[in-house]
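Read the structure below first, then the notes.
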Protein chains: 2
Amino acid sequence: MLPADRQHPLDSFFSPSSIAIIGASRDGVKIPGLLLAFMRKNEFPGAIYPVNPNYPDIDGLKCYPTITSIGQPIDLAIVIIPARAVLGALQECAAVGVKNAIIISSGFAEEGGDSAGMQDAIAALAKQSGMRISGPNAEGFFNETKRVAATFSPTVDVRPDHPRLLATKRRIGIVAQSGGIGFAIYNRAKALGIALSYVISTGNESDLGAGEFLDYMVQDSSTDVILLFIEGIRDTDKFLAAARRAAESGKPVIVTKVGRSGAGERAAASHTASMAGWTAAYDAMFAKYGFIVSNDLDEAVTIAAVLTTTPLPKGDRVAVVTVSGGAGIWGADAVSAQGLQVPELSDGVQATIRGLIPSYGSPRNPVDITAQAVHSGGLQKTIDLLDSSDEIDAILVVISLSSETRMPFKKPELKPVIDAQRKPIVFWSYTLPSNFARTVLAESGVVVLSGLTHVAVALRQLVQHAKFKLPPPTAVAAPALRDLSAHLTSATLSEFDSKSLLRAAGIALPDEVLVTEKGALDGATAKAGFPLVLKIQSRDIPHKSEVGGVRVNIASKEEAAAAYDALLASALKHRPNAAIQGVLVSPMARRGVEIIVGTMLDVTFGPMIMVGLGGITTELFKDVVYRPAPVSTDEAASMLGELKAAPLLDGFRGAAKADVPALAGLIAQISQLASQFSGGIAEIELNPVLVHPAGEGVTIVDALVVRKGT
Amino acid sequence: MLPADRQHPLDSFFSPSSIAIIGASRDGVKIPGLLLAFMRKNEFPGAIYPVNPNYPDIDGLKCYPTITSIGQPIDLAIVIIPARAVLGALQECAAVGVKNAIIISSGFAEEGGDSAGMQDAIAALAKQSGMRISGPNAEGFFNETKRVAATFSPTVDVRPDHPRLLATKRRIGIVAQSGGIGFAIYNRAKALGIALSYVISTGNESDLGAGEFLDYMVQDSSTDVILLFIEGIRDTDKFLAAARRAAESGKPVIVTKVGRSGAGERAAASHTASMAGWTAAYDAMFAKYGFIVSNDLDEAVTIAAVLTTTPLPKGDRVAVVTVSGGAGIWGADAVSAQGLQVPELSDGVQATIRGLIPSYGSPRNPVDITAQAVHSGGLQKTIDLLDSSDEIDAILVVISLSSETRMPFKKPELKPVIDAQRKPIVFWSYTLPSNFARTVLAESGVVVLSGLTHVAVALRQLVQHAKFKLPPPTAVAAPALRDLSAHLTSATLSEFDSKSLLRAAGIALPDEVLVTEKGALDGATAKAGFPLVLKIQSRDIPHKSEVGGVRVNIASKEEAAAAYDALLASALKHRPNAAIQGVLVSPMARRGVEIIVGTMLDVTFGPMIMVGLGGITTELFKDVVYRPAPVSTDEAASMLGELKAAPLLDGFRGAAKADVPALAGLIAQISQLASQFSGGIAEIELNPVLVHPAGEGVTIVDALVVRKGT
């Protein structure tokens, strides 16, 4: 972690000493008026300068005709004027040394045409002047610790009859590419009693983008858990640097990426003036940096609640402590469904628990302490006992907290248990928790959770987060001395050309011969040895089997001669205009587990490496894993471990263990190649790769390289 | 549906004219006092007779020393006295003709030993007297339409400062094998404004069980949607009859079955004094009757909310109408993730929508009407337009409803749209909905939903429920004339014996010869023809390949002779004490798609049939489907359609289509066999069955029959 006193360039953005509101208004219903009202109700401690030539004062504050007329240093200007006037106002701001600006106004890139041009001018101004600009089309931000309400979102309104519920000491920071969702996350987190550092909506990101804001949250000592809502990352390098820093420091990032469906992407393109990108690449990036992916608002907030209230677990063994038999079984089911263990407790622990609960309770796991033991203090004692037991890594308390008047817990009994907790202790109420219960339990530092599946997912994510280790950076080797671009002779390389490129890059392949006239066939087959394979080669035929262009298991010279003629005839019939390179003669590969290895270029994140089980499994069960390229052999091996079909490589059903080190080495090599030559190679696909028994290596049977379009 | 005036035997239970409370008390904090207080606060319109020899009166009601002393007809007695006194009180009740009783008291089967014996006596009394008994260890029930609060659950408390929110005209009925969960469902449904008919907790089910209560809800005209919480069904026949009636009448049943995990089962066994059963059989039963399975409380209630407020959709095309771009994309993602369509709208519809929204909105799908169009009425108009469009089957409205003072809808505009809705119109608020919004929208018949994933799941379930058709009953044929029990010669039949049994049952199998002495081998191989397979046969060796007991691809007499010796030697080495039946000589099967077909007996539901893709897929991806046996060939075909690997049977990647009719016929035959002989056969497993190209049938390669234990 960075020292707390470090000055970050965005400190003056998020914690300004002075704020100018350009376009301030006396109309308390419209956006400028709402924003000023929220700012004052939150008791912003610094100077506020309304700017509007139409008023001498607003709400008791002196109002200035222009920015220039203020004559004081300004950390943050909030701009809420018609789009066409924005650039001029910003130029004035830059001229008087305003440090930062947020443009709330809309009507820029999201409208296209001229309006997009105005946004470009704003971006240029930021670059040229050094003034940092957020938005346009932003909903602003809220800094809860410093009481800076720079937004018109009603979520930051202060209502004396609704005191802020605070259950956590640790704070969440929210970065959202949708103002609606960013403040909705805050709205839901607030209802649970989760403390906030900042929530920021990033708008059109003319200058400041989600990546840079993420970076701010990562280095910020008042932010303990980050929630990220992404439509499409624009400042990719900053995002990746921030992601790495988050992973290195262990600060959890919970991320939602929308635009996963076709429909979502359609809207993302029109809505945020950015391509939503290819989701698999995002997920690969999240996996690499240990981000916690959540596709549900309540689930994400539940995960945040657990991360801000409990320590990380040392393992995956969960005790379910319940006051209702049926609800406890449900709790155990939900936790087990997430792959966590609900182990039976040892005789010793069971015996101790028996002393704390009535005879009709159960000390096994779920531990049914019964409603009676709640009032006798057996609940706290059981929790305390399990908290110090080394049989258990986390505790799920299942209870009914709907009462508006009675509490099953006494603060003097519960708070010491929670304060001293050595492992996650999580509270799920099967009835809807009352405000009374939330308030009373908050005093002990407990967030009451309400969605069972979300709680179980949160526990799993907690276990995974605790285990996550960032792989050491994989250096991309300098481009090889030998330039591979000479091999990129067509848009889609033939198998022969693809393999030539791979060989030139140092990748081991079987010896094969390209036969370009029939007279050379006998020599080639003698070299390969029977049985062998013949495959048609043409830059115009990327999918050979579609044209009957492959013959396997050829056992004799005669068969080879006949197959040769048949291949050419079939290609001529199906693709009369294809230029034929020849026929590739390859030895039949020894048997092995079928794997597919591929690379592709993502528009946002660049080269990606993919591995999956080959054959029907990959296609039917979508059992593939992606990572940003390059990966090390260790990372490649851990990708293999994530495949559902991983047991096939590990001696499934008495088969020999497969040569995983050789396969991981190949994946790393291919990922390295895709990174080094991302300027020239768009895609590589090795399909299938056969993985032989341990020590016997792998065989690349077929290969396809696609040149990057220009 | 049954006529509304039909008298059901349990009408006097759920809608009693008079209630006696045995063990009534003046202590308003304990269970008997709470129950009486709730009953009176809910203004039960019938007679209430407290029974307790210690008081002359309670809370202004005359108190009776005994049941007998009441001297009036009693529809329902609620028993809340120590366990040891319960049987005597019930005998008195029966003697004076009390029609029904609920035993709230606990300390019976759930404690085991003597206490279980007391419960048996209660069950016997019910049977002998005709008085129907619910419980013991029950939390009672609540009838909301007739204001019968026969429970101590605080969920039924009446608080004048919290008026009941009512958004739906249709009502849910809840049957729960856990009082805590039953009333928690009600608690959550109430918060959403869903109307209730009854909630009943079934307790230990000494007489009345979950099946019979389900049956009551199915025939009851005030119940429109049923929620069921199951630990383990005891009155199986009544449950199945009720399930069939629900499916026939189209009344939706949302079911949660707990005890799915090992830990859950452990607790279910100790908690409810019943085995939780084998979950796959439950799921098979639910699938057969079109029950909607939900494993989450909020999800189940969300599904109920949608079913009680909207018509069923005609298809799976969803329009997402949003006021926030980011939230709309998220909505589209969530709906798409459930396999529903979010189609782009036609040019015509888009053009009409453009007229209703600002220029920076989007008329595609998601339809981003922008916040501005909310206030101009564009939202209602867009919803109305999409409701009458035949391009769309359901509408998801994405909106922020957290305000406590302002509403985006005007009732006079919204209510007519909702009243006339032709397809589901569902409202999701990305901020937490305020009570104000819930209340105002309830007046238009709208339930505001808060969990996005739950909403998307509910829409999918709605689409599936609308498509569900109950297969016609499959009659179990009378046992065949030939008795198969002679074939059940060992606990685990050898392949040869298993196949003999199957042949005797009329199932087609390849011609095979059991060779019991080497001299007969040549004759047998001549009959089978090369290539062929040799397999060791022994009732003591159920898994032949584990002892090297299979040789395939044998191409000559010499190979066969050598393999024969090798098989015997290998068996002798691995299982020296196994009695060898001989060596089975089979022709090599033609190639085909590998399938596994199996049957097993479930403790609750009896014979079950299972089908899965054979080979590695079944085991790694758990891609199997179960149904209660017997199934028709149509049902068998639809089971095959549910496999993720189904495309493999349908000409995957240019392969020939497989003979699905022949496979479905075999599955039906095997299911019929398992049903007819469920007294003798515990399990059948055909693994693999090879399915050949269409018209070429199937081959059962290996078979195993397990005799039912005695």
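Ordering of the structure tokens sets the chain letters (A, B, ...); residue numbers start at 1 within each chain; ligands are numbered from 1 in the order shown.
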
* Asked: Near Val593 in chain A, counting only C-alpha atoms, which residues have an atom at most 9 Å away, once you skip same-chain residues fewer than 4 positions from it, shown as a PyMOL selection string?
  -> chain A and resi 613-614+648-649+658+689-693

* Just need the residues of chain A within 7 Å of chain B, counting only C-alpha atoms, so spit them out as a PyMOL selection string. => chain A and resi 111+178+180-181+184+187-188+258-261+263-264+267-268+271+296+298+324-327+329-330+332-333+336+342+360+365-366+430-432+451-453+620+645

* To do: Give me the residues within 8 Å of Ala528 in chain B as number ranges by chain, counting only C-alpha atoms and dropping any in the same chain fewer than 3 places off.
  => B: 511-513, 524-525, 532, 585-587

Take the residues from that selection and put them in a file with N, CA, C and O atoms, as a JSON list (two decimals), in the first residue's frame.
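Contents of again.json, freshly written:
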```json
[["chain", "number", "residue", "atom", "x", "y", "z"],
["B", 511, "ASP", "N", -27.19, -61.19, -31.03],
["B", 511, "ASP", "CA", -26.97, -62.62, -30.77],
["B", 511, "ASP", "C", -25.60, -62.80, -30.15],
["B", 511, "ASP", "O", -24.59, -62.31, -30.69],
["B", 512, "GLU", "N", -25.56, -63.49, -29.06],
["B", 512, "GLU", "CA", -24.29, -63.70, -28.38],
["B", 512, "GLU", "C", -24.28, -65.15, -27.86],
["B", 512, "GLU", "O", -25.33, -65.74, -27.65],
["B", 513, "VAL", "N", -23.09, -65.66, -27.65],
["B", 513, "VAL", "CA", -22.99, -67.04, -27.18],
["B", 513, "VAL", "C", -22.12, -67.08, -25.93],
["B", 513, "VAL", "O", -21.05, -66.46, -25.89],
["B", 524, "ALA", "N", -18.69, -70.78, -31.54],
["B", 524, "ALA", "CA", -19.29, -69.50, -31.14],
["B", 524, "ALA", "C", -18.75, -68.36, -31.99],
["B", 524, "ALA", "O", -19.49, -67.49, -32.44],
["B", 525, "THR", "N", -17.43, -68.36, -32.23],
["B", 525, "THR", "CA", -16.86, -67.25, -33.01],
["B", 525, "THR", "C", -17.34, -67.34, -34.46],
["B", 525, "THR", "O", -17.58, -66.32, -35.10],
["B", 532, "LEU", "N", -14.78, -59.58, -33.38],
["B", 532, "LEU", "CA", -15.72, -59.81, -32.28],
["B", 532, "LEU", "C", -15.10, -59.45, -30.93],
["B", 532, "LEU", "O", -13.95, -59.02, -30.85],
["B", 585, "VAL", "N", -19.24, -64.36, -26.16],
["B", 585, "VAL", "CA", -18.73, -64.03, -27.49],
["B", 585, "VAL", "C", -19.77, -63.17, -28.20],
["B", 585, "VAL", "O", -20.91, -63.60, -28.41],
["B", 586, "SER", "N", -19.40, -61.92, -28.51],
["B", 586, "SER", "CA", -20.35, -60.98, -29.13],
["B", 586, "SER", "C", -19.74, -60.42, -30.39],
["B", 586, "SER", "O", -18.53, -60.17, -30.45],
["B", 587, "PRO", "N", -20.58, -60.12, -31.39],
["B", 587, "PRO", "CA", -20.04, -59.41, -32.56],
["B", 587, "PRO", "C", -19.65, -58.00, -32.15],
["B", 587, "PRO", "O", -20.22, -57.44, -31.21]]
```

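Among the candidates A:Ala287, A:Ala442, A:Ala562, A:Ala37, the one nearest to His465 in chain A when counting only C-alpha atoms is A:Ala287.
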
* Please return as a PyMOL selection string: the residues of range 53-213 of chain B that backbone DSSP assigns to alpha helix (DSSP H). => chain B and resi 83-95+113-129+179-192+210-213

* Near-Ser389 in chain A list (12 Å; only C-alpha atoms; drop same-chain fewer than 4 positions) as a ChimeraX atom specification -> /A:317-319,345-346,348-350,352-353,382-385,393-395,421-423

* Write out as a ChimeraX atom specification each polymer residue whose atoms come within 10 Å of Pro53 in chain A, counting only C-alpha atoms; drop sequence neighbours fewer than 3 positions from it. => /A:22-24,50,56-57,63-66

* Structure fact -> Using only C-alpha atoms, the residue out of A:Gly377, A:Gly209, A:Gly140, A:Gly709 with shortest distance to Phe14 in chain A is A:Gly140

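When CA of Glu495 in chain B is paired with CA of Ser538 in chain B, their separation reads 8.1 Å.
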
* To do: Just list the residues in range 548-701 of chain A DSSP gives strand (DSSP E or B) on the backbone, as a PyMOL selection string.
  => chain A and resi 550-554+580-587+593-602+606-613+624-628+650+657-658+681-691+693+698-700

Pull N, CA and C atoms from the residues just selected and write them as a compact mmCIF listing (two decimals), in the first residue's frame.
```txt
# COMPACT_ATOMS: atom_id res chain seq x y z
N VAL A 550 -9.26 -34.20 -46.76
CA VAL A 550 -8.40 -34.91 -45.81
C VAL A 550 -8.62 -36.42 -45.95
N ARG A 551 -7.52 -37.18 -45.99
CA ARG A 551 -7.61 -38.66 -45.99
C ARG A 551 -6.69 -39.18 -44.89
N VAL A 552 -7.26 -39.95 -43.97
CA VAL A 552 -6.45 -40.43 -42.84
C VAL A 552 -6.24 -41.94 -42.97
N ASN A 553 -5.29 -42.43 -42.16
CA ASN A 553 -5.08 -43.88 -42.04
C ASN A 553 -4.71 -44.56 -43.35
N ILE A 554 -3.95 -43.85 -44.16
CA ILE A 554 -3.53 -44.44 -45.43
C ILE A 554 -2.37 -45.39 -45.15
N ILE A 580 -4.32 -24.39 -55.84
CA ILE A 580 -3.86 -25.51 -55.01
C ILE A 580 -2.35 -25.42 -54.83
N GLN A 581 -1.93 -25.46 -53.55
CA GLN A 581 -0.50 -25.45 -53.27
C GLN A 581 0.11 -26.83 -53.45
N GLY A 582 -0.68 -27.83 -53.11
CA GLY A 582 -0.17 -29.19 -53.15
C GLY A 582 -0.89 -30.06 -52.14
N VAL A 583 -0.31 -31.23 -51.85
CA VAL A 583 -0.89 -32.15 -50.88
C VAL A 583 0.15 -32.38 -49.78
N LEU A 584 -0.31 -32.20 -48.53
CA LEU A 584 0.61 -32.35 -47.41
C LEU A 584 0.59 -33.79 -46.91
N VAL A 585 1.78 -34.38 -46.82
CA VAL A 585 1.92 -35.77 -46.37
C VAL A 585 2.44 -35.74 -44.93
N SER A 586 1.63 -36.26 -44.00
CA SER A 586 2.00 -36.23 -42.58
C SER A 586 1.88 -37.62 -42.00
N PRO A 587 2.75 -37.95 -41.04
CA PRO A 587 2.55 -39.22 -40.34
C PRO A 587 1.27 -39.16 -39.52
N VAL A 593 -4.99 -36.91 -25.89
CA VAL A 593 -6.19 -36.13 -25.56
C VAL A 593 -6.26 -34.95 -26.53
N GLU A 594 -7.43 -34.78 -27.11
CA GLU A 594 -7.61 -33.73 -28.13
C GLU A 594 -7.82 -32.36 -27.47
N ILE A 595 -6.98 -31.42 -27.87
CA ILE A 595 -7.03 -30.07 -27.29
C ILE A 595 -7.07 -29.06 -28.42
N ILE A 596 -7.71 -27.92 -28.16
CA ILE A 596 -7.62 -26.81 -29.11
C ILE A 596 -6.91 -25.66 -28.42
N VAL A 597 -5.97 -25.04 -29.12
CA VAL A 597 -5.26 -23.87 -28.61
C VAL A 597 -5.42 -22.77 -29.65
N GLY A 598 -5.81 -21.57 -29.21
CA GLY A 598 -6.02 -20.50 -30.18
C GLY A 598 -5.60 -19.15 -29.63
N THR A 599 -5.42 -18.20 -30.54
CA THR A 599 -5.19 -16.82 -30.12
C THR A 599 -6.06 -15.91 -30.97
N MET A 600 -6.39 -14.76 -30.45
CA MET A 600 -7.11 -13.76 -31.24
C MET A 600 -6.79 -12.38 -30.68
N LEU A 601 -7.10 -11.35 -31.48
CA LEU A 601 -6.83 -9.98 -31.04
C LEU A 601 -8.14 -9.36 -30.58
N ASP A 602 -8.17 -8.85 -29.36
CA ASP A 602 -9.35 -8.14 -28.88
C ASP A 602 -9.18 -6.65 -29.14
N GLY A 606 -6.12 -6.39 -26.94
CA GLY A 606 -5.06 -6.98 -27.74
C GLY A 606 -5.07 -8.49 -27.72
N PRO A 607 -3.88 -9.12 -27.81
CA PRO A 607 -3.84 -10.57 -28.01
C PRO A 607 -4.34 -11.37 -26.82
N MET A 608 -5.13 -12.39 -27.12
CA MET A 608 -5.71 -13.29 -26.12
C MET A 608 -5.33 -14.72 -26.50
N ILE A 609 -5.11 -15.54 -25.50
CA ILE A 609 -4.86 -16.96 -25.75
C ILE A 609 -6.01 -17.78 -25.18
N MET A 610 -6.40 -18.81 -25.91
CA MET A 610 -7.52 -19.64 -25.50
C MET A 610 -7.12 -21.11 -25.52
N VAL A 611 -7.63 -21.89 -24.58
CA VAL A 611 -7.44 -23.33 -24.65
C VAL A 611 -8.75 -24.01 -24.29
N GLY A 612 -9.01 -25.13 -24.95
CA GLY A 612 -10.22 -25.89 -24.65
C GLY A 612 -10.00 -27.34 -24.99
N LEU A 613 -10.88 -28.20 -24.49
CA LEU A 613 -10.84 -29.58 -24.94
C LEU A 613 -11.29 -29.58 -26.38
N VAL A 624 -14.06 -23.69 -22.47
CA VAL A 624 -12.82 -23.06 -22.91
C VAL A 624 -12.41 -22.00 -21.89
N VAL A 625 -11.12 -21.70 -21.86
CA VAL A 625 -10.59 -20.70 -20.92
C VAL A 625 -9.71 -19.72 -21.70
N TYR A 626 -9.90 -18.44 -21.45
CA TYR A 626 -9.12 -17.38 -22.10
C TYR A 626 -8.22 -16.67 -21.09
N ARG A 627 -7.11 -16.16 -21.58
CA ARG A 627 -6.27 -15.25 -20.80
C ARG A 627 -5.65 -14.24 -21.75
N PRO A 628 -5.33 -13.06 -21.23
CA PRO A 628 -4.54 -12.16 -22.06
C PRO A 628 -3.17 -12.79 -22.34
N ASP A 650 -5.69 -35.75 -16.49
CA ASP A 650 -5.11 -36.18 -15.22
C ASP A 650 -5.31 -37.67 -14.98
N LYS A 657 -1.80 -40.38 -17.34
CA LYS A 657 -1.78 -38.93 -17.20
C LYS A 657 -1.20 -38.32 -18.46
N ALA A 658 -1.76 -37.20 -18.88
CA ALA A 658 -1.29 -36.58 -20.11
C ALA A 658 -0.09 -35.67 -19.82
N ILE A 681 -0.21 -10.85 -36.88
CA ILE A 681 -1.03 -12.05 -36.74
C ILE A 681 -2.32 -11.71 -36.00
N ALA A 682 -3.45 -11.98 -36.64
CA ALA A 682 -4.74 -11.74 -35.99
C ALA A 682 -5.17 -12.96 -35.18
N GLU A 683 -4.98 -14.14 -35.75
CA GLU A 683 -5.44 -15.36 -35.09
C GLU A 683 -4.49 -16.52 -35.38
N ILE A 684 -4.34 -17.37 -34.38
CA ILE A 684 -3.68 -18.66 -34.58
C ILE A 684 -4.65 -19.71 -34.04
N GLU A 685 -4.83 -20.81 -34.76
CA GLU A 685 -5.62 -21.89 -34.18
C GLU A 685 -4.92 -23.22 -34.44
N LEU A 686 -4.61 -23.91 -33.36
CA LEU A 686 -4.04 -25.26 -33.45
C LEU A 686 -5.17 -26.21 -33.05
N ASN A 687 -5.66 -26.99 -34.00
CA ASN A 687 -6.84 -27.80 -33.71
C ASN A 687 -6.90 -29.01 -34.61
N PRO A 688 -6.69 -30.18 -34.07
CA PRO A 688 -6.37 -30.43 -32.66
C PRO A 688 -4.88 -30.45 -32.38
N VAL A 689 -4.58 -30.28 -31.09
CA VAL A 689 -3.28 -30.65 -30.55
C VAL A 689 -3.53 -31.95 -29.79
N LEU A 690 -2.72 -32.97 -30.05
CA LEU A 690 -2.89 -34.22 -29.30
C LEU A 690 -1.87 -34.25 -28.17
N VAL A 691 -2.37 -34.48 -26.95
CA VAL A 691 -1.49 -34.50 -25.79
C VAL A 691 -1.25 -35.95 -25.41
N PRO A 693 0.79 -39.28 -23.43
CA PRO A 693 1.05 -39.56 -22.01
C PRO A 693 2.28 -38.82 -21.49
N VAL A 698 3.51 -33.42 -27.08
CA VAL A 698 2.27 -33.10 -27.78
C VAL A 698 2.53 -33.12 -29.27
N THR A 699 1.46 -33.28 -30.04
CA THR A 699 1.57 -33.20 -31.49
C THR A 699 0.54 -32.19 -32.01
N ILE A 700 1.04 -31.19 -32.75
CA ILE A 700 0.13 -30.25 -33.41
C ILE A 700 -0.30 -30.91 -34.71
```

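Interatomic distance, CA of Leu470 in chain B to CA of Leu10 in chain B: 27.0 Å.
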
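Once Ser115 in chain A and its same-chain neighbours fewer than 6 positions away are set aside, Ala83, Arg84, Gly107, Phe108 and Ala109 of chain A remain within 9 Å of it when counting only C-alpha atoms.
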
* Given the choices B:Asp235, B:Asp75, B:Asp224, B:Asp565, which gets closest to Val253 in chain B if the distance is worked out from only C-alpha atoms? -> B:Asp224
